[in-house]
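**Q** One file is attached below, work-v8.cif, containing mmCIF, C-alpha atoms.
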data_coords
#
loop_
_atom_site.label_atom_id
_atom_site.label_comp_id
_atom_site.auth_asym_id
_atom_site.auth_seq_id
_atom_site.Cartn_x
_atom_site.Cartn_y
_atom_site.Cartn_z
CA GLN R 1 -12.02 109.61 78.00
CA VAL R 2 -8.56 110.35 79.31
CA HIS R 3 -5.64 110.47 76.92
CA LEU R 4 -1.94 111.07 77.40
CA VAL R 5 0.08 111.66 74.25
CA GLU R 6 3.85 111.84 74.19
CA SER R 7 5.86 113.58 71.51
CA GLY R 8 9.37 114.84 70.88
CA GLY R 9 11.26 111.59 70.60
CA GLY R 10 13.80 110.92 67.91
CA LEU R 11 17.38 110.06 67.05
CA VAL R 12 20.16 112.04 68.71
CA GLN R 13 23.89 111.63 69.14
CA ALA R 14 25.41 110.91 72.50
CA GLY R 15 25.82 114.13 74.45
CA GLY R 16 22.84 115.71 72.76
CA SER R 17 19.49 116.82 74.11
CA LEU R 18 15.82 116.14 73.53
CA ARG R 19 12.67 117.52 75.06
CA LEU R 20 9.69 115.22 75.39
CA SER R 21 6.17 116.51 75.83
CA CYS R 22 3.14 114.84 77.32
CA ALA R 23 -0.24 116.30 76.45
CA ALA R 24 -3.16 115.31 78.64
CA SER R 25 -6.82 115.50 77.73
CA GLY R 26 -10.07 114.28 79.21
CA ARG R 27 -9.25 115.41 82.74
CA THR R 28 -6.96 117.83 84.46
CA PHE R 29 -3.78 116.53 86.07
CA SER R 30 -2.89 119.72 87.92
CA SER R 31 -3.71 118.02 91.22
CA SER R 32 -2.21 114.67 90.29
CA THR R 33 1.26 113.25 90.41
CA MET R 34 2.63 112.52 86.97
CA GLY R 35 5.61 110.45 86.00
CA TRP R 36 7.93 109.39 83.23
CA PHE R 37 8.99 105.80 82.62
CA ARG R 38 11.01 104.13 79.90
CA GLN R 39 11.41 100.68 78.44
CA ALA R 40 14.45 99.52 76.53
CA PRO R 41 14.34 96.49 74.22
CA GLY R 42 14.31 93.27 76.19
CA LYS R 43 14.03 95.06 79.52
CA GLU R 44 11.24 95.87 81.92
CA ARG R 45 9.71 99.31 82.11
CA GLU R 46 11.69 101.44 84.54
CA PHE R 47 11.07 104.60 86.50
CA VAL R 48 12.63 107.83 85.22
CA GLY R 49 11.11 110.55 87.37
CA TYR R 50 7.93 112.11 88.67
CA SER R 51 6.41 115.47 89.50
CA ARG R 52 4.35 115.56 92.66
CA ARG R 53 0.84 116.96 92.77
CA ASP R 54 1.61 119.20 95.74
CA GLY R 55 3.49 121.98 94.05
CA GLY R 56 5.23 119.81 91.53
CA SER R 57 8.42 118.89 93.38
CA THR R 58 10.36 116.39 91.34
CA PHE R 59 12.22 113.15 91.96
CA TYR R 60 14.47 111.21 89.61
CA ALA R 61 16.07 107.84 89.14
CA ALA R 62 19.75 107.86 89.99
CA SER R 63 20.61 107.01 86.39
CA VAL R 64 19.15 110.29 85.09
CA LYS R 65 19.49 112.67 88.02
CA GLY R 66 21.37 115.79 87.04
CA ARG R 67 20.73 115.21 83.34
CA PHE R 68 16.94 115.05 83.08
CA THR R 69 14.43 117.66 84.26
CA ILE R 70 10.67 117.35 84.57
CA SER R 71 8.46 120.40 84.31
CA ARG R 72 4.76 121.01 84.04
CA ASP R 73 2.45 123.62 82.60
CA ASN R 74 -0.77 123.01 84.46
CA ALA R 75 -2.60 125.70 82.52
CA LYS R 76 -2.00 123.68 79.37
CA ASN R 77 -2.31 120.28 81.05
CA MET R 78 1.19 119.45 79.82
CA MET R 79 4.27 117.79 81.25
CA TYR R 80 7.77 117.86 79.82
CA LEU R 81 10.97 115.89 80.13
CA GLN R 82 14.13 117.79 79.23
CA MET R 83 16.90 115.31 78.58
CA ASN R 84 20.48 116.54 78.39
CA SER R 85 23.83 114.78 78.07
CA LEU R 86 22.10 111.79 76.55
CA LYS R 87 23.83 108.44 76.57
CA PRO R 88 23.28 105.34 74.40
CA GLU R 89 21.87 103.58 77.47
CA ASP R 90 19.05 106.15 77.51
CA THR R 91 17.69 104.55 74.34
CA ALA R 92 14.16 103.40 75.07
CA ILE R 93 10.50 104.08 74.55
CA TYR R 94 9.51 106.83 76.96
CA TYR R 95 6.06 106.88 78.54
CA CYS R 96 4.26 109.51 80.53
CA ALA R 97 1.85 108.45 83.22
CA GLY R 98 -0.78 110.12 85.36
CA GLU R 99 -2.14 109.25 88.75
CA GLY R 100 -5.87 108.62 89.03
CA LEU R 101 -7.11 108.59 92.61
CA CYS R 102 -4.73 109.99 95.19
CA CYS R 103 -2.63 108.73 96.86
CA HIS R 104 0.09 106.09 96.69
CA SER R 105 2.96 105.14 98.95
CA SER R 106 5.49 105.11 96.15
CA TYR R 107 5.45 106.89 92.83
CA TYR R 108 8.44 104.94 91.64
CA LEU R 109 6.14 102.04 90.78
CA ASN R 110 4.01 101.52 87.67
CA THR R 111 1.06 100.69 89.87
CA ALA R 112 0.81 104.25 91.18
CA TYR R 113 -0.45 105.44 87.81
CA ASP R 114 -3.78 104.81 86.15
CA TYR R 115 -3.24 106.58 82.85
CA TRP R 116 -0.51 105.95 80.31
CA GLY R 117 0.51 107.33 76.97
CA GLN R 118 1.46 105.25 73.96
CA GLY R 119 5.14 106.13 74.24
CA THR R 120 7.69 107.91 72.10
CA GLN R 121 10.95 106.38 70.89
CA VAL R 122 14.24 107.92 71.92
CA THR R 123 17.37 106.58 70.26
CA VAL R 124 20.82 107.78 71.27
CA SER R 125 23.67 106.86 68.94
CA SER R 126 27.25 106.51 70.12
#
Do you think you could lay out the structure here as structure tokens?
**A**
Amino acid sequence: QVHLVESGGGLVQAGGSLRLSCAASGRTFSSSTMGWFRQAPGKEREFVGYSRRDGGSTFYAASVKGRFTISRDNAKNMMYLQMNSLKPEDTAIYYCAGEGLCCHSSYYLNTAYDYWGQGTQVTVSS
């Protein structure tokens, strides 16, 4: 059974940093695109960024580009989200997601991913 488990969330002041981790088990994701999404209270889940299967090139939502960085350690089946210069509007539950069968036309959409973690809360105070 495939599991994705996020960790590293917490409470941080605006301007601070957090590093989220996503640990995968049950299958390897080294050849799969993986993404990060977030959901703020009362809002729909939104795309944050993804790391492509083909060498791990990364793409980000405009709202986080330049502040957030995705990295992967395929040997450990891990993905990370380094978040810098955090803003109160970054407050949300953050989810990691993994692609099942390749491939999809857009990895900005929830539907591109078959596996999801339970989420980790990130709260940024002003």
**Q** What's the separation between CA of Ser125 in chain R and CA of Gln13 in chain R, in Å to one decimal place?
**A** 4.8 Å
**Q** So which one's closest to Lys87 in chain R, R:Tyr108, R:Phe59, R:Trp116, R:Phe68? Using only C-alpha atoms, please.
**A**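 Among the listed residues, R:Phe68 lies closest to Lys87 in chain R.
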**Q** I'd like to know which of R:Ser106, R:Gln39, R:Ser21, R:Gln118 is closest to Ile70 in chain R, using only C-alpha atoms.
**A**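 Smallest distance to Ile70 in chain R is found for R:Ser21.
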**Q** Name all residues at most 9 Å from Asp90 in chain R (count only C-alpha atoms; drop same-chain ones fewer than 2 positions away) and give them as an MDAnalysis selection string.
**A** chainID R and resid 38 40 64 86:88 92 122:124
**Q** Just C-alpha atoms for this one: save the residues we selected as a PDB file, keeping the file's coordinate frame.
**A**
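For reference, again.pdb as written:
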ATOM      1  CA  ARG R  38      11.010 104.130  79.900  1.00  0.00           C
ATOM      2  CA  ALA R  40      14.450  99.520  76.530  1.00  0.00           C
ATOM      3  CA  VAL R  64      19.150 110.290  85.090  1.00  0.00           C
ATOM      4  CA  LEU R  86      22.100 111.790  76.550  1.00  0.00           C
ATOM      5  CA  LYS R  87      23.830 108.440  76.570  1.00  0.00           C
ATOM      6  CA  PRO R  88      23.280 105.340  74.400  1.00  0.00           C
ATOM      7  CA  ALA R  92      14.160 103.400  75.070  1.00  0.00           C
ATOM      8  CA  VAL R 122      14.240 107.920  71.920  1.00  0.00           C
ATOM      9  CA  THR R 123      17.370 106.580  70.260  1.00  0.00           C
ATOM     10  CA  VAL R 124      20.820 107.780  71.270  1.00  0.00           C
TER      11      VAL R 124
END
**Q** How far is it from CA of Ile93 in chain R to CA of Asn110 in chain R, in Å with one decimal?
**A** 14.9 Å
